[in-house]
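> After the structure tokens below, expect a handful of questions from me.
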Amino acid sequence: MREVDVFPDMSPGELSFGKIPKCRWQKRLKDVLDEMVNPQLALEMLETMFWIRSFENLIVEMRDGRFKPREDFQFVGATHLSIGQEAVAVGAIAAIRPDDYITSTHRGHGHAIAKGAFALRRMSEEELRRWLGRDVSGTREEILETAIEEHLYRTVAELFGKEDGYCRGRGGGMHIADFRVGHLGANAIVGGSCGIAVGAAMAAWKLGTDRVVLCMIGDGATQNGIFHESANFACMAQFERGLPVVFVVENNQYAMTGQHYGEVTGIDYLARRGAAYDMHMMHAEVVNGMDVLAVYDAVSRAVELARNGDGPVLLDCECYRYYGHSLSDQRMKYRTAEEEEAWRRLDPIDNFSKQVIEAGVLTESEVEEMRQRCDEQIRQAAIKAANAPYPDPATIYEGLFSNTMCDEVPEKYRHVSVIRRARKFQRDSEGRIMYRHAICEALMEEMMRDSRVILYGEDVADYGGAFMVTAGLLETFGRGRVFNTAISEAAIVGTAIGAAMVGLRPVVEIMYIDFILLAMDQVGNQAAKMKYMSGGQPKIPLVIRTTIGGGRGYAGQHSQSLEAVVTHFPGLKVVAPATAYDAKGLLKTAIRDDDPVIFIEHQMLYTNKDVVPEDEYLIPLGVARIHREGKDLTICAWSKMVEVSLEAARILEEQYGIDAEVVDPRTLIPCDYETIAASVNKTGRLLLVCQAPETGCFAEHIAYQTQRRCFKSLKAPIQIVAAHNVPPPMSPTLESENIPSPAKVVHKAIELLNEG
Ligand SMILES: Cc1ncc(C[n+]2csc(CCOP(=O)(O)OP(=O)(O)O)c2C)c(N)n1
């Protein structure tokens with residue numbers, strides 16, 4: 001039962017919101033030297049800001065031809081510069097531990113440089129050697145110098161798309177990541193990383209660590225749906241503790257050209273957003289983002305709150321980008337020279353340099369020496385990177401999938417505490433159980449095997465899911481591992497990605513595949529791509545369970561078969577089981593797989609029964625099943641269409657003496673084209689049966705793959721029985737006309753046999 005009853009309360013009153021602090025920090029370095037900030041940290045902050053500015057000045061110079069790291073080098077790629085905003089990246093990242101995480105944005109050079117630099121500076125000699133991946137002699141200081149040099153080099157190399165880059169040139173500057181120092185990736189989809197950050201925070205908390213996540217985002221991102229879904233997710237009351245995530249809004253006043261204040265929002269300060277999500281207004285604060293110490297102070301306090309279970313926090317760091325959105329942007333079309341001048345007077349590097357001199361940490365000439373040294377370090381890194389090789393085209397597939405499984409659960413995750421004994425599904429006299437129960441059994445067994453497997457989605461807990469598949473799991477494993485979410489498809493998927501990246505193995509449910517369209521950025525741009533774009537670094541062991549249906553009069557938005565939509569994104573595996581036996585074995589495999597899997601169940605199969613052994617078994621992904629052998633033609637179908645095809649094959653045999661072979665690929669990605677081709681080479685004819693509209697359906701793709709392999713043995717053109725090219729209609733007559741039936745398959749099969 002639920003923890004809280006919702007009784008009516010209609011008494012009159014007023015809701016009040018607390019005060020949001022603004023620009024609390026009014027001190028200077030000299031006021032806090034040796035207390036909050038020691039001289040070493042002050043130097044590190046200044047040095048890091050210099051590196052960031054040098055790095056981005058170099059981009060400007062390469063673009064306008066003033067600097068060529070090599071005579072024939074052509075710089076290509078995005079030029080989103082954060083010049084003017086360095087204090088936010090540095091102040092925020094200086095305030096976290098090396099093992100804390102960050103997510104970043106398309107304007108994330110500064111975040112990447114700062115995260116690597118501060119993490120390396122805080123590593124022991126041994127950790128530095130491990131990070132370098134080779135044995136380096138010398139003192140810790142010398143090794144650190146080597147590591148910093150390598151860090152700057154690998155950052156520039158990624159900007160240039162070189163093999164030595166952090167992401168082996170797969171991601172470039174807009175998608176840079178170094179998971180070894182907790183940099184979970186920059187994201188070129190505005191707001192795209194919010195769910196990932198919250199998911200990583202959830203995993204950090206559930207795994208019992210005290211790590212914190214900084215979600216670096218722009219002001220534009222706070223208007224995007226994924227930000228709102230993720231902020232709400234992070235604040236859900238059912239989490240005993242607020243999730244340890246700090247949203248650091250780098251509020252440079254503009255999205256691309258859209259001004260949040262006075263144009264695209266109705267509020268002055270974005271910190272006000274915090275009031276929408278939790279009773280503490282997310283401890284929101286407006287921060288002077290032009291002052292590195294103000295940011296350091298605010299983020300330090302925020303991190304302490306988050307680490308102690310009182311997150312999340314929202315910091316609105318007011319700053320300014322000096323250049324346009326990118327170097328091709330004519331910024332004077334949407335802002336004035338006076339405005340720019342006013343912000344430039346607060347320049348974070350000049351401002352902090354003065355404070356460092358005032359505090360007696362460095363002299364003016366020492367500051368200038370540092371600036372020149374940082375410039376030179378970046379230039380040397382660029383020259384080396386320009387001369388380094390590009391990735392070998394033959395390696396283009398490297399990093400796409402892990403293609404590994406969790407064969408053995410680490411000892412610490414094997415101990416699973418249960419509240420109630422796991423539900424047993426009674427077999428009938430022939431050893432059969434329902435498809436829905438087979439799926440539940442798979443979940444139950446995998447959750448028993450590995451405490452990192454968690455399950456969440458809309459209504460999956462007390463209610464057992466819209467289709468009663470997960471009933472009983474809450475009672476067995478408790479709300480820590482089985483919980484409901486808000487209706488936030490994007491956040492469900494996004495958080496699962498972040499959680500999977502840092503150690504959990506989430507299984508999430510999207511009630512109908514029609515709703516996956518609300519999460520399509522998270523599915524297609526994030527889950528599918530984060531591994532590849534970061535050069536293959538993270539494992540993302542994530543299962544997205546969803547359903548297709550049709551046949552119940554639910555019409556266009558609850559009956560689609562969108563499997564081809566998800567197969568289109570390289571980096572996802574896609575499974576669509578037709579029987580209870582396959583569903584159980586494939587789901588268990590999907591949960592153990594280290595890559596993201598979309599697991600598509602069929603609502604009209606949930607009550608179908610099949611023999612499902614009680615003993616453990618797994619079914620590998622990418623292995624088709626021949627349901628029925630035959631010699632006259634091959635019928636290829638998956639999910640519910642296997643049942644339709646088997647019925648058609650029975651009619652063909654009984655009424656027409658035609659012997660059809662029925663093949664089910666079971667997994668669409670990877671797809672066992674070879675088994676299908678072997679069947680077609682034997683029969684000479686292929687009929688594909690698919691519940692999706694014909695145009696762009698997965699059957700069209702199998703047809704292409706098969707004709708490539710079987711051209712010579714085909715006796716007739718490949719045919720497809722699919723739905724009409726209309727949204728699924730509601731009326732029974734129209735709906736049954738739309739969904740392929742055994743009669744239609746029989747008809748097409750006979751036509752096919754009469755050809756060639
Ligand atoms: C979802 C999405 N919409 C639009 C874009 C195009 N775009 C790239 S950056 C940007 C502005 C983002 O503004 P903000 O979040 O404030 O970050 P900033 O660029 O100011 O750092 C836009 C509109 C995008 N990349 N992603």
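Numbering starts fresh at 1 for the residues of each chain in the structure tokens, the chains themselves are lettered A, B, ... in the order given, and ligands are numbered from 1 as they appear.
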If we count only C-alpha atoms, what is near Gly551 in chain A at a cut-off of 12 Å, once residues fewer than 4 positions away on the same chain are taken out, given as a list in words?
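Within the cut-off, the hits are Ala555, Gly556, His558, Ser559, Gln560, Ser561, His602, Gln603, Met604, Leu605, Lys640, Gln691, Pro728, Pro729, Met730, Ser731, Pro732, Thr733, Leu734, Glu735, Ser736, Glu737, Asn738, Ile739, Pro740 and Ser741 of chain A.
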> Check every protein, DNA and RNA residue against ligand 1, keep those with an atom at most 9 Å away (counting only C-alpha atoms and all ligand atoms), and present them as a PyMOL selection string.
chain A and resi 80-82+105-108+187-192+217-224+249-260+320-321+325-326+521
> Which residues, written as a VMD selection string, have at least one atom at most 7 Å from range 20-31 of chain A, with only C-alpha atoms counted and residues fewer than 3 positions away on the same chain left out?
chain A and resid 284 to 288 294 355 to 356 358 to 359
> Residues within 9 Å of Val663 in chain A, please, as a list in words. Count only C-alpha atoms; anything in the same chain fewer than 5 positions from it doesn't count.
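With the cut-off at 9 Å, the set is Ala624, Arg625, Ile626, His627, Arg628, Glu629, Thr634, Ile635, Cys636, Ala637, Trp638, Val642, Thr675, Ile676 and Ser679 of chain A.
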> Please give the complete set of residues from range 484-619 of chain A that DSSP, run on the backbone, assigns to helix (DSSP H, G or I), formatted as a ChimeraX atom specification.
/A:489-501,513-527,530-533,555-557,563-567,580-592,603-605
> Selected residues, C-alpha atoms, written as an mmCIF file, in the first residue's frame, please.

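Okay, part-v1.cif is ready:
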```cif
data_model
loop_
_atom_site.group_PDB
_atom_site.id
_atom_site.type_symbol
_atom_site.label_atom_id
_atom_site.label_comp_id
_atom_site.auth_asym_id
_atom_site.auth_seq_id
_atom_site.Cartn_x
_atom_site.Cartn_y
_atom_site.Cartn_z
ATOM 1 C CA GLU A 489 9.058 9.346 -20.514
ATOM 2 C CA ALA A 490 12.157 11.392 -21.316
ATOM 3 C CA ALA A 491 13.317 11.440 -17.702
ATOM 4 C CA ILE A 492 12.593 7.732 -17.285
ATOM 5 C CA VAL A 493 14.935 6.887 -20.142
ATOM 6 C CA GLY A 494 17.442 9.669 -19.441
ATOM 7 C CA THR A 495 17.889 8.765 -15.793
ATOM 8 C CA ALA A 496 18.250 5.112 -16.704
ATOM 9 C CA ILE A 497 21.112 5.998 -19.041
ATOM 10 C CA GLY A 498 22.911 7.949 -16.350
ATOM 11 C CA ALA A 499 22.296 5.236 -13.772
ATOM 12 C CA ALA A 500 23.565 2.555 -16.161
ATOM 13 C CA MET A 501 26.699 4.539 -16.944
ATOM 14 C CA ILE A 513 5.756 2.258 -27.671
ATOM 15 C CA ASP A 514 3.674 5.180 -28.938
ATOM 16 C CA PHE A 515 4.918 7.102 -25.876
ATOM 17 C CA ILE A 516 8.559 6.404 -26.625
ATOM 18 C CA LEU A 517 8.263 9.262 -29.080
ATOM 19 C CA LEU A 518 8.232 11.593 -26.079
ATOM 20 C CA ALA A 519 11.586 10.152 -25.068
ATOM 21 C CA MET A 520 13.047 9.943 -28.524
ATOM 22 C CA ASP A 521 15.978 12.256 -27.819
ATOM 23 C CA GLN A 522 16.927 10.129 -24.865
ATOM 24 C CA VAL A 523 16.531 6.904 -26.836
ATOM 25 C CA GLY A 524 18.024 7.931 -30.158
ATOM 26 C CA ASN A 525 20.513 10.656 -29.267
ATOM 27 C CA GLN A 526 21.573 9.601 -25.797
ATOM 28 C CA ALA A 527 21.153 5.873 -25.078
ATOM 29 C CA MET A 530 26.735 8.046 -25.683
ATOM 30 C CA LYS A 531 28.998 5.025 -25.881
ATOM 31 C CA TYR A 532 30.112 5.563 -29.449
ATOM 32 C CA MET A 533 30.492 9.326 -29.165
ATOM 33 C CA ALA A 555 -6.542 3.757 -32.459
ATOM 34 C CA GLY A 556 -3.656 5.883 -33.660
ATOM 35 C CA GLN A 557 -1.777 6.726 -30.472
ATOM 36 C CA GLU A 563 10.021 -1.141 -33.927
ATOM 37 C CA ALA A 564 11.580 0.237 -37.114
ATOM 38 C CA VAL A 565 11.854 3.633 -35.450
ATOM 39 C CA VAL A 566 14.169 2.281 -32.786
ATOM 40 C CA THR A 567 16.118 -0.032 -35.088
ATOM 41 C CA ALA A 580 6.576 -16.791 -23.448
ATOM 42 C CA TYR A 581 9.611 -19.067 -23.720
ATOM 43 C CA ASP A 582 11.481 -16.584 -25.894
ATOM 44 C CA ALA A 583 10.358 -13.614 -23.828
ATOM 45 C CA LYS A 584 11.829 -15.029 -20.649
ATOM 46 C CA GLY A 585 15.119 -16.204 -22.101
ATOM 47 C CA LEU A 586 15.638 -13.056 -24.134
ATOM 48 C CA LEU A 587 14.771 -10.668 -21.319
ATOM 49 C CA LYS A 588 17.226 -12.362 -18.986
ATOM 50 C CA THR A 589 19.898 -11.982 -21.647
ATOM 51 C CA ALA A 590 18.934 -8.362 -22.289
ATOM 52 C CA ILE A 591 19.313 -7.547 -18.595
ATOM 53 C CA ARG A 592 22.765 -9.140 -18.511
ATOM 54 C CA GLN A 603 -0.008 -6.644 -25.533
ATOM 55 C CA MET A 604 -2.025 -9.248 -27.417
ATOM 56 C CA LEU A 605 0.439 -11.974 -26.448
#
```
> Return as a PyMOL selection string the full set of residues in range 509-724 of chain A whose backbone-based DSSP assignment is strand (DSSP E or B).
chain A and resi 509-510+543-548+573-575+593+597-602+609-611+625-628+633-637+660-664+667-669+686-693+719-723
